Structure formats: structure tokens, C-alpha cells
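Just input-v1.pdb here, PDB, C-alpha atoms and all ligand atoms:
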MODEL        1
ATOM      1  CA  MET X   1      -7.750  12.215 -26.734
ATOM      2  CA  ARG X   2      -3.970  12.150 -27.075
ATOM      3  CA  HIS X   3      -2.041   9.628 -25.018
ATOM      4  CA  ASP X   4       0.008  12.361 -23.385
ATOM      5  CA  ASP X   5      -3.111  13.931 -21.915
ATOM      6  CA  LEU X   6      -3.565  11.189 -19.376
ATOM      7  CA  VAL X   7      -1.225   9.541 -16.918
ATOM      8  CA  LEU X   8      -2.260   6.588 -14.793
ATOM      9  CA  LYS X   9       0.114   5.311 -12.172
ATOM     10  CA  SER X  10      -0.066   2.574  -9.665
ATOM     11  CA  LEU X  11       1.556   3.718  -6.429
ATOM     12  CA  SER X  12       3.062   1.216  -4.110
ATOM     13  CA  LEU X  13       2.815   1.993  -0.400
ATOM     14  CA  SER X  14       4.639   0.198   2.355
ATOM     15  CA  ARG X  15       4.482   0.512   6.110
ATOM     16  CA  LYS X  16       6.232  -1.992   8.340
ATOM     17  CA  GLU X  17       5.474  -5.319   6.669
ATOM     18  CA  THR X  18       2.275  -4.161   5.001
ATOM     19  CA  GLU X  19       2.244  -3.458   1.265
ATOM     20  CA  MET X  20      -0.657  -1.601  -0.314
ATOM     21  CA  THR X  21      -1.310   0.146  -3.573
ATOM     22  CA  ALA X  22      -2.983   3.394  -4.487
ATOM     23  CA  SER X  23      -3.894   4.591  -7.941
ATOM     24  CA  LEU X  24      -3.070   8.036  -9.314
ATOM     25  CA  CYS X  25      -4.582   9.732 -12.357
ATOM     26  CA  LEU X  26      -3.298  13.004 -13.787
ATOM     27  CA  ALA X  27      -5.035  14.447 -16.832
ATOM     28  CA  ARG X  28      -4.977  17.533 -19.007
ATOM     29  CA  LEU X  29      -8.173  17.693 -21.055
ATOM     30  CA  SER X  30     -10.327  20.390 -22.612
ATOM     31  CA  LEU X  31     -14.066  20.512 -22.027
ATOM     32  CA  ASP X  32     -14.569  19.189 -25.588
ATOM     33  CA  ASP X  33     -12.262  16.228 -24.895
ATOM     34  CA  LEU X  34     -14.170  15.502 -21.706
ATOM     35  CA  LEU X  35     -17.555  15.677 -23.394
ATOM     36  CA  ALA X  36     -16.300  13.322 -26.128
ATOM     37  CA  GLN X  37     -15.100  11.016 -23.377
ATOM     38  CA  THR X  38     -18.529  10.963 -21.714
ATOM     39  CA  LEU X  39     -19.950   9.601 -24.989
ATOM     40  CA  ALA X  40     -17.125   7.174 -25.796
ATOM     41  CA  GLN X  41     -16.934   5.699 -22.321
ATOM     42  CA  PRO X  42     -19.569   7.043 -19.922
ATOM     43  CA  PHE X  43     -18.015   7.837 -16.583
ATOM     44  CA  LEU X  44     -20.721   9.877 -14.832
ATOM     45  CA  HIS X  45     -23.254   8.054 -12.667
ATOM     46  CA  PRO X  46     -26.861   9.210 -13.417
ATOM     47  CA  ASP X  47     -26.854  11.288 -10.175
ATOM     48  CA  GLU X  48     -23.614  12.977 -11.267
ATOM     49  CA  ARG X  49     -25.056  13.553 -14.717
ATOM     50  CA  ASP X  50     -28.131  15.255 -13.162
ATOM     51  CA  TYR X  51     -25.858  17.474 -11.060
ATOM     52  CA  TYR X  52     -23.712  18.319 -14.074
ATOM     53  CA  ASP X  53     -26.803  19.199 -16.159
ATOM     54  CA  SER X  54     -27.996  21.500 -13.357
ATOM     55  CA  LEU X  55     -24.788  23.547 -13.441
ATOM     56  CA  PRO X  56     -24.897  26.840 -15.302
ATOM     57  CA  GLN X  57     -22.379  27.335 -18.110
ATOM     58  CA  SER X  58     -19.340  28.143 -15.994
ATOM     59  CA  PRO X  59     -15.789  26.979 -15.297
ATOM     60  CA  ARG X  60     -17.381  24.751 -12.642
ATOM     61  CA  ARG X  61     -18.746  22.509 -15.420
ATOM     62  CA  GLU X  62     -15.233  21.825 -16.683
ATOM     63  CA  SER X  63     -13.705  21.434 -13.232
ATOM     64  CA  TYR X  64     -16.495  19.073 -12.156
ATOM     65  CA  LEU X  65     -16.042  16.905 -15.245
ATOM     66  CA  ILE X  66     -12.257  16.694 -15.121
ATOM     67  CA  GLY X  67     -12.325  15.983 -11.378
ATOM     68  CA  ARG X  68     -14.884  13.201 -11.783
ATOM     69  CA  TYR X  69     -13.059  11.805 -14.826
ATOM     70  CA  CYS X  70      -9.751  11.590 -12.950
ATOM     71  CA  ALA X  71     -11.536  10.099  -9.935
ATOM     72  CA  LYS X  72     -13.131   7.357 -12.020
ATOM     73  CA  ARG X  73      -9.903   6.514 -13.826
ATOM     74  CA  ALA X  74      -8.056   6.310 -10.506
ATOM     75  CA  LEU X  75     -10.824   4.156  -9.024
ATOM     76  CA  VAL X  76     -10.713   1.732 -11.941
ATOM     77  CA  GLY X  77      -6.998   1.382 -11.199
ATOM     78  CA  ARG X  78      -7.974   0.050  -7.749
ATOM     79  CA  LEU X  79     -11.194  -1.705  -8.791
ATOM     80  CA  PRO X  80     -10.594  -2.885 -12.365
ATOM     81  CA  ASN X  81     -13.833  -4.850 -12.672
ATOM     82  CA  THR X  82     -16.146  -1.953 -11.812
ATOM     83  CA  ALA X  83     -17.692   0.325 -14.423
ATOM     84  CA  MET X  84     -16.767   3.982 -14.062
ATOM     85  CA  ASP X  85     -20.392   5.117 -14.143
ATOM     86  CA  ALA X  86     -21.289   2.699 -11.336
ATOM     87  CA  MET X  87     -19.057   4.508  -8.807
ATOM     88  CA  PRO X  88     -20.693   7.847  -7.961
ATOM     89  CA  VAL X  89     -18.594  10.388  -6.080
ATOM     90  CA  TYR X  90     -20.936  12.492  -3.929
ATOM     91  CA  PRO X  91     -20.062  15.657  -2.006
ATOM     92  CA  GLY X  92     -20.053  15.165   1.766
ATOM     93  CA  VAL X  93     -21.319  17.891   4.103
ATOM     94  CA  PHE X  94     -17.896  19.570   4.078
ATOM     95  CA  GLY X  95     -17.526  19.209   0.308
ATOM     96  CA  GLN X  96     -15.314  16.136   0.704
ATOM     97  CA  PRO X  97     -15.679  13.427  -1.958
ATOM     98  CA  VAL X  98     -17.587  10.369  -0.726
ATOM     99  CA  LEU X  99     -17.862   7.128  -2.683
ATOM    100  CA  GLY X 100     -21.477   6.024  -3.001
ATOM    101  CA  SER X 101     -21.116   2.434  -4.129
ATOM    102  CA  ALA X 102     -20.845  -0.698  -2.008
ATOM    103  CA  GLN X 103     -18.282  -1.969  -4.501
ATOM    104  CA  CYS X 104     -15.937   0.784  -3.312
ATOM    105  CA  ALA X 105     -16.060  -0.312   0.346
ATOM    106  CA  GLY X 106     -12.700   0.307   2.001
ATOM    107  CA  VAL X 107     -11.528   2.640  -0.786
ATOM    108  CA  GLN X 108     -11.492   6.441  -0.667
ATOM    109  CA  ILE X 109     -10.807   9.127  -3.221
ATOM    110  CA  SER X 110      -9.239  12.578  -3.185
ATOM    111  CA  LEU X 111      -9.319  14.886  -6.182
ATOM    112  CA  THR X 112      -8.212  18.276  -7.434
ATOM    113  CA  HIS X 113      -8.640  20.377 -10.571
ATOM    114  CA  CYS X 114      -7.381  23.653 -11.998
ATOM    115  CA  ASN X 115      -7.488  25.217 -15.463
ATOM    116  CA  GLY X 116      -8.039  22.123 -17.575
ATOM    117  CA  VAL X 117      -5.774  19.921 -15.467
ATOM    118  CA  GLY X 118      -7.040  17.399 -12.944
ATOM    119  CA  ALA X 119      -5.732  14.735 -10.611
ATOM    120  CA  ALA X 120      -7.154  12.098  -8.316
ATOM    121  CA  ILE X 121      -5.831   9.442  -6.029
ATOM    122  CA  ALA X 122      -7.764   6.310  -4.999
ATOM    123  CA  PHE X 123      -6.432   4.756  -1.831
ATOM    124  CA  ASP X 124      -7.139   2.254   0.907
ATOM    125  CA  GLU X 125      -8.932   3.930   3.821
ATOM    126  CA  ARG X 126      -6.436   2.354   6.207
ATOM    127  CA  GLN X 127      -3.832   4.811   4.833
ATOM    128  CA  PRO X 128      -5.491   8.251   4.567
ATOM    129  CA  MET X 129      -4.215  10.308   1.650
ATOM    130  CA  ALA X 130      -5.123  13.517  -0.182
ATOM    131  CA  ILE X 131      -4.036  15.356  -3.305
ATOM    132  CA  ASP X 132      -3.898  18.983  -4.336
ATOM    133  CA  MET X 133      -2.532  20.766  -7.393
ATOM    134  CA  GLU X 134      -2.017  24.370  -8.459
ATOM    135  CA  ARG X 135      -0.688  25.831 -11.663
ATOM    136  CA  VAL X 136       2.615  27.668 -11.229
ATOM    137  CA  SER X 137       2.292  31.028 -12.837
ATOM    138  CA  PRO X 138       5.686  32.410 -13.882
ATOM    139  CA  LEU X 139       3.961  35.757 -14.108
ATOM    140  CA  ALA X 140       2.561  35.703 -10.589
ATOM    141  CA  SER X 141       2.620  39.226  -9.318
ATOM    142  CA  PRO X 142       4.458  40.186  -6.130
ATOM    143  CA  ARG X 143       0.964  40.919  -4.778
ATOM    144  CA  GLN X 144      -0.052  37.265  -5.229
ATOM    145  CA  THR X 145       3.116  36.077  -3.527
ATOM    146  CA  GLU X 146       2.502  38.565  -0.730
ATOM    147  CA  ALA X 147      -1.056  37.232  -0.346
ATOM    148  CA  ILE X 148       0.332  33.735   0.242
ATOM    149  CA  LYS X 149       3.065  35.037   2.539
ATOM    150  CA  ALA X 150       0.409  36.761   4.628
ATOM    151  CA  GLN X 151      -0.961  33.296   5.498
ATOM    152  CA  LEU X 152       2.434  31.877   6.538
ATOM    153  CA  THR X 153       4.282  31.920   9.815
ATOM    154  CA  ASN X 154       7.610  33.746  10.079
ATOM    155  CA  ALA X 155       9.374  30.393  10.356
ATOM    156  CA  GLU X 156       7.803  29.213   7.090
ATOM    157  CA  ILE X 157       8.779  32.417   5.278
ATOM    158  CA  ALA X 158      12.358  32.079   6.493
ATOM    159  CA  MET X 159      12.436  28.425   5.388
ATOM    160  CA  LEU X 160      11.133  29.226   1.895
ATOM    161  CA  ASP X 161      13.476  32.183   1.478
ATOM    162  CA  TYR X 162      16.292  29.779   2.278
ATOM    163  CA  PHE X 163      14.986  27.217  -0.245
ATOM    164  CA  GLY X 164      14.639  29.889  -2.900
ATOM    165  CA  ARG X 165      18.294  30.836  -2.451
ATOM    166  CA  ASP X 166      19.501  27.263  -2.164
ATOM    167  CA  SER X 167      17.855  25.620  -5.131
ATOM    168  CA  GLN X 168      17.193  26.675  -8.687
ATOM    169  CA  ASP X 169      14.116  24.422  -8.874
ATOM    170  CA  CYS X 170      12.526  26.163  -5.980
ATOM    171  CA  SER X 171      13.192  29.695  -7.039
ATOM    172  CA  GLY X 172      10.573  32.150  -8.143
ATOM    173  CA  THR X 173       6.931  31.566  -7.549
ATOM    174  CA  TRP X 174       6.820  27.774  -7.460
ATOM    175  CA  ILE X 175       7.943  27.465  -3.899
ATOM    176  CA  TRP X 176       5.122  29.764  -2.723
ATOM    177  CA  THR X 177       2.622  27.845  -4.834
ATOM    178  CA  TRP X 178       4.035  24.618  -3.457
ATOM    179  CA  ILE X 179       3.478  25.534   0.184
ATOM    180  CA  TRP X 180      -0.111  26.439  -0.605
ATOM    181  CA  THR X 181      -0.738  22.989  -2.152
ATOM    182  CA  ALA X 182       0.931  21.324   0.840
ATOM    183  CA  LYS X 183      -1.507  23.106   3.170
ATOM    184  CA  GLU X 184      -4.581  22.480   1.045
ATOM    185  CA  ALA X 185      -3.710  18.789   0.733
ATOM    186  CA  LEU X 186      -3.396  18.500   4.537
ATOM    187  CA  SER X 187      -6.730  20.288   4.961
ATOM    188  CA  LYS X 188      -8.300  17.712   2.636
ATOM    189  CA  VAL X 189      -6.942  14.726   4.520
ATOM    190  CA  LEU X 190      -8.378  16.326   7.687
ATOM    191  CA  ARG X 191     -11.692  16.924   5.820
ATOM    192  CA  THR X 192     -11.835  20.500   7.112
ATOM    193  CA  GLY X 193     -10.668  22.304   4.003
ATOM    194  CA  LEU X 194      -9.266  25.737   4.773
ATOM    195  CA  MET X 195     -12.024  26.427   7.328
ATOM    196  CA  ILE X 196      -9.521  26.082  10.176
ATOM    197  CA  PRO X 197      -6.938  28.590  11.397
ATOM    198  CA  MET X 198      -4.095  28.589   8.865
ATOM    199  CA  PRO X 199      -1.333  28.275  11.512
ATOM    200  CA  LEU X 200      -2.668  24.766  12.230
ATOM    201  CA  LEU X 201      -1.420  23.784   8.767
ATOM    202  CA  GLU X 202       2.122  25.022   9.414
ATOM    203  CA  ILE X 203       5.025  23.194   7.765
ATOM    204  CA  SER X 204       7.858  22.250  10.111
ATOM    205  CA  ARG X 205      10.583  21.276   7.643
ATOM    206  CA  ALA X 206      11.061  20.554   3.956
ATOM    207  CA  TRP X 207      13.749  18.679   2.057
ATOM    208  CA  HIS X 208      14.552  17.286  -1.396
ATOM    209  CA  GLU X 209      14.519  13.541  -2.028
ATOM    210  CA  GLY X 210      15.325  12.692  -5.654
ATOM    211  CA  PRO X 211      12.775  14.458  -7.838
ATOM    212  CA  TYR X 212      10.430  15.134  -4.919
ATOM    213  CA  LEU X 213      10.101  17.867  -2.355
ATOM    214  CA  LEU X 214       9.006  16.392   0.969
ATOM    215  CA  ALA X 215       7.759  18.192   4.053
ATOM    216  CA  GLU X 216       6.285  17.576   7.482
ATOM    217  CA  TYR X 217       3.792  19.514   9.578
ATOM    218  CA  VAL X 218       4.160  21.116  13.004
ATOM    219  CA  HIS X 219       0.729  20.170  14.363
ATOM    220  CA  PHE X 220       0.088  16.958  12.424
ATOM    221  CA  PRO X 221       3.351  15.039  12.760
ATOM    222  CA  GLN X 222       1.602  11.824  11.692
ATOM    223  CA  TYR X 223       1.466  13.114   8.099
ATOM    224  CA  LYS X 224       3.979  14.153   5.457
ATOM    225  CA  VAL X 225       3.601  15.637   2.001
ATOM    226  CA  MET X 226       5.377  14.600  -1.183
ATOM    227  CA  SER X 227       5.332  17.044  -4.091
ATOM    228  CA  PHE X 228       6.514  17.212  -7.685
ATOM    229  CA  LEU X 229       6.053  19.350 -10.783
ATOM    230  CA  TRP X 230       3.911  18.069 -13.667
ATOM    231  CA  ARG X 231       3.117  20.104 -16.778
ATOM    232  CA  GLY X 232       3.566  23.437 -15.053
ATOM    233  CA  THR X 233       1.563  22.449 -11.992
ATOM    234  CA  VAL X 234       2.686  21.528  -8.496
ATOM    235  CA  VAL X 235       1.150  18.241  -7.366
ATOM    236  CA  SER X 236       1.177  17.507  -3.625
ATOM    237  CA  ILE X 237       0.184  14.192  -2.078
ATOM    238  CA  VAL X 238      -0.294  13.897   1.689
ATOM    239  CA  LEU X 239       0.147  10.478   3.265
ATOM    240  CA  PRO X 240       0.983   8.981   6.667
ATOM    241  CA  LYS X 241       4.512   9.925   7.715
ATOM    242  CA  ARG X 242       5.767   6.385   8.211
ATOM    243  CA  THR X 243       4.376   5.141   4.921
ATOM    244  CA  THR X 244       6.784   4.907   1.998
ATOM    245  CA  LEU X 245       5.360   5.746  -1.391
ATOM    246  CA  ARG X 246       6.998   4.495  -4.572
ATOM    247  CA  MET X 247       5.999   5.506  -8.054
ATOM    248  CA  ASP X 248       7.516   5.304 -11.495
ATOM    249  CA  PHE X 249       8.514   8.956 -11.594
ATOM    250  CA  ASP X 250      10.639   8.658 -14.749
ATOM    251  CA  GLY X 251       7.714   7.007 -16.537
ATOM    252  CA  LEU X 252       5.510   9.859 -15.436
ATOM    253  CA  MET X 253       7.905  12.474 -16.754
ATOM    254  CA  ALA X 254       8.958  10.600 -19.907
ATOM    255  CA  LEU X 255       5.713  11.470 -21.632
ATOM    256  CA  PRO X 256       5.996  14.384 -24.016
TER     257      PRO X 256
HETATM  258  C1  LIG K   1     -11.092  21.886   0.137
HETATM  259  C2  LIG K   1     -10.363  23.048  -0.504
HETATM  260  C3  LIG K   1      -9.041  23.230   0.225
HETATM  261  C4  LIG K   1     -10.145  22.665  -1.967
HETATM  262  O1  LIG K   1      -9.172  23.428  -2.588
HETATM  263  P1  LIG K   1      -9.344  24.122  -4.009
HETATM  264  O2  LIG K   1      -8.012  24.583  -4.462
HETATM  265  O3  LIG K   1     -10.439  25.109  -3.915
HETATM  266  O4  LIG K   1      -9.880  23.024  -5.011
HETATM  267  P2  LIG K   1      -9.218  21.697  -5.572
HETATM  268  O5  LIG K   1      -9.521  21.654  -6.998
HETATM  269  O6  LIG K   1      -7.816  21.471  -5.157
HETATM  270  O7  LIG K   1     -10.081  20.577  -4.821
HETATM  271  C5  LIG K   1     -11.452  20.527  -5.018
HETATM  272  C6  LIG K   1     -11.937  19.202  -4.504
HETATM  273  O8  LIG K   1     -11.583  19.050  -3.142
HETATM  274  C7  LIG K   1     -12.513  18.173  -2.562
HETATM  275  N1  LIG K   1     -12.936  18.753  -1.299
HETATM  276  C8  LIG K   1     -13.748  19.811  -1.094
HETATM  277  N2  LIG K   1     -13.906  20.028   0.227
HETATM  278  C9  LIG K   1     -13.190  19.074   0.858
HETATM  279  C10 LIG K   1     -12.961  18.758   2.221
HETATM  280  N3  LIG K   1     -13.519  19.465   3.210
HETATM  281  N4  LIG K   1     -12.171  17.700   2.519
HETATM  282  C11 LIG K   1     -11.605  16.965   1.533
HETATM  283  N5  LIG K   1     -11.763  17.224   0.207
HETATM  284  C12 LIG K   1     -12.566  18.269  -0.108
HETATM  285  C13 LIG K   1     -13.693  18.026  -3.533
HETATM  286  O9  LIG K   1     -13.609  16.733  -4.134
HETATM  287  C14 LIG K   1     -13.420  19.107  -4.536
HETATM  288  O10 LIG K   1     -13.803  18.806  -5.865
HETATM  289  P3  LIG K   1     -15.330  18.666  -6.297
HETATM  290  O11 LIG K   1     -16.078  19.750  -5.599
HETATM  291  O12 LIG K   1     -15.305  18.791  -7.763
HETATM  292  O13 LIG K   1     -15.756  17.292  -5.811
HETATM  293  C15 LIG K   1     -11.156  24.373  -0.444
HETATM  294  O14 LIG K   1     -12.203  24.334  -1.384
HETATM  295  C16 LIG K   1     -11.758  24.636   0.919
HETATM  296  O15 LIG K   1     -11.088  25.110   1.803
HETATM  297  N6  LIG K   1     -13.028  24.309   1.143
HETATM  298  C17 LIG K   1     -13.661  24.474   2.445
HETATM  299  C18 LIG K   1     -14.334  25.766   2.552
HETATM  300  C19 LIG K   1     -15.485  25.882   1.659
HETATM  301  O16 LIG K   1     -15.398  26.543   0.673
HETATM  302  N7  LIG K   1     -16.582  25.233   1.968
HETATM  303  C20 LIG K   1     -17.739  25.340   1.125
HETATM  304  C21 LIG K   1     -18.873  24.590   1.743
HETATM  305  S1  LIG K   1     -19.372  25.367   3.251
ENDMDL
END
Rendering of file as C-alpha cells:
Amino acid sequence: MRHDDLVLKSLSLSRKETEMTASLCLARLSLDDLLAQTLAQPFLHPDERDYYDSLPQSPRRESYLIGRYCAKRALVGRLPNTAMDAMPVYPGVFGQPVLGSAQCAGVQISLTHCNGVGAAIAFDERQPMAIDMERVSPLASPRQTEAIKAQLTNAEIAMLDYFGRDSQDCSGTWIWTWIWTAKEALSKVLRTGLMIPMPLLEISRAWHEGPYLLAEYVHFPQYKVMSFLWRGTVVSIVLPKRTTLRMDFDGLMALP
């Protein structure tokens, strides 16, 4: 595995006088890399291994492995003395990831995967967080953009049209991909997924802050979302609105 395929970051969170950390893992790995990794440093718990073996040959095998790999690496960032294969991540009744080890008490995990890229964030349950990522396709057809627009409110469309005009970074398809990740990440922190009416996930405002795009929600004003681009994907992290998140962004981007 090449060093530039994996990024581990410790995130520092502060809220009033309280300081906490979360751990972020971003990885780009092929199925072969992942299988080699399972031999070099087992990361699947026996229950996860049984589930993986039961999967038919399908993209789900790869997405399951990269999601679990990122989850375990992020968890080790929070719990350095725990073996990766001793921290099973089970699906809850809504598909949400649930940690099945007493050693993980007080810690939660959120994960995402798409096309050979994965990400996970391990965080203290006192500060709910969630992560989502989507690849930005420069070749996205107007039909795909229209499909996303069909799920947005008029106010959101007007806001994104304005952003597209105002900023080079946000032109083209990325801004439409971004808003989708911002909604999916909120739906994960709520544990509902997209099984709720889409207008409930409406964005109220968005703004740039350094390398990040930040936004808030109309119906969930206690949360905000912080997004950035990494290797052609938009990564969105939802966290409590009054919590400040610091990460070594330059270090993250300095990798080739
Ligand atoms: C949750 C959801 C938004 C994920 O978005 P996505 O772009 O499809 O997938 P991502 O790669 O970003 O995220 C997948 C991960 O989200 C997590 N997840 C799934 N459902 C979740 C939920 N309700 N709450 C929080 N996290 C959830 C899982 O860890 C999943 O990975 P895993 O299955 O490998 O463990 C989407 O799948 C959804 O809306 N699900 C609910 C509807 C549904 O399909 N339910 C099926 C069971 S009835």
C-alpha cells in the first residue's frame, strides 16, 4: 500500500471550555490492496469476516471492506491500545454503524465509501458527528444535475446558482454534489438516512471559511456541516453547530 493512499488525522474539537478529539481516516484502496491488508494486519472481526464471506462477488464486497478498514483505522486513532479486529462494527436496524465492543464505550463511528475511496470518523458520543463523501464527476450529465435539483427547495437552488457564479471552486457539478453530501451526512447523524422527507434536510445558508465550505440547516439549527475536496471527492462532516473543529488541512492536502 502506498503512503499516499491513506490519510489519518486527529481532529481537535472545542466547545466552551471542553476540548475533545475525533479521528478521521480517508483512504483510496483497490480491492487487492484491501485483501492484502486483511492478511498483513487483520482488521475484520470474525462476525464481519462471516458477513463478508456471505456477500456475492459485487461492488458491495469492496465498499464493505474499505468502509470497515477506514472505520478500524479511525477507531485505533481514538483507542490506540485496541486491536482492529476486536472492534466489530455491526449494522443497526436502520443500517447505522454500531460498535459492538465494550472497549469502544462512549465512542461512535460514521463511515462512507464510493468507488474505491472510503472515509470514517470516530468521535465521542457527547458530540454527534457524521461523514459522507461523493465523487465529483466532471462529466455529470445535465440530467444528473437536474435529478439533484429536483430534490432541492427553490431557495437552495437560488443559493447554489449564486455560489456557482460567485466562486470558481464551486462552479460546475461539484456544488450540486456537495449539497447532496451535506444532506446525506445530516441524515446519518439523525440515523434516519434519506427515509425522511427531503425538505427536512434543507440547507439555510452556506459560506467559505479558508479551504472549507460550511453550511447550516433550516430544520436542524443545532448542526452545521464542514466540507472540503479530497482526491476528486467531496467530503462532508456534520457536527454540532457550536463546536469548533480544527484539523491539519495543509497536511491533508500536501500528500501527492
Ligand atoms: C444512509 C445513506 C444516506 C447512506 O448514503 P450512501 O451514499 O448510500 O452510502 P455511504 O457510502 O455514504 O454510507 C454508507 C454507510 O452509511 C452508514 N449508514 C447506513 N444507514 C445509516 C443510517 N440510517 N444512519 C447512519 N449511518 C447509516 C453505514 O455505515 C453505511 O455503510 P455500511 O453499510 O458499509 O456499514 C443511505 O444509504 C440511506 O438513505 N439509507 C436509508 C434507506 C435505506 O436504504 N435503508 C435500507 C434498510 S431499510
Counting all atoms listed in the file, name the residues that have an atom within 8 Å of an atom of ligand LIG 1 (chain K); the answer should be given as a PyMOL selection string.
-> chain X and resi 60+63-65+67-68+89-97+110-114+118+130-134+181+184-185+187-195
Output of the PyMOL selection byres (((chain X and resi 225-229) around 10) and not hetatm), listed as a count of residues only = 46
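Of the listed residues X:Ile175, X:Ala155, X:Ala36, X:Ala22, the one whose atoms come nearest to Glu202 of chain X is X:Ala155, with distances taken using only C-alpha atoms.
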Starting from the displayed file, determine the output of the PyMOL selection byres (((chain X and resi 200) around 9) and not hetatm) and express the residue list as a ChimeraX atom specification.
-> /X:196-199,201-202,217-220
Applying 7 Å and all atoms listed in the file, which residues near segment 72-80 of chain X remain after dropping the ones on its own chain fewer than 4 positions away? List them as a PDB file with C-alpha atoms, keeping the file's coordinate frame.
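Listed below is the output, selection_33.pdb:
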ATOM      1  CA  ALA X  22      -2.983   3.394  -4.487  1.00  0.00           C
ATOM      2  CA  SER X  23      -3.894   4.591  -7.941  1.00  0.00           C
ATOM      3  CA  LEU X  24      -3.070   8.036  -9.314  1.00  0.00           C
ATOM      4  CA  CYS X  25      -4.582   9.732 -12.357  1.00  0.00           C
ATOM      5  CA  PHE X  43     -18.015   7.837 -16.583  1.00  0.00           C
ATOM      6  CA  ARG X  68     -14.884  13.201 -11.783  1.00  0.00           C
ATOM      7  CA  MET X  84     -16.767   3.982 -14.062  1.00  0.00           C
ATOM      8  CA  ALA X 120      -7.154  12.098  -8.316  1.00  0.00           C
ATOM      9  CA  ILE X 121      -5.831   9.442  -6.029  1.00  0.00           C
ATOM     10  CA  ALA X 122      -7.764   6.310  -4.999  1.00  0.00           C
TER      11      ALA X 122
END
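Remark: for Ser137 of chain X, the closest of the candidate residues X:Ala71, X:Arg205, X:Met159, X:Trp176 is X:Trp176 (distances computed over all atoms listed in the file).
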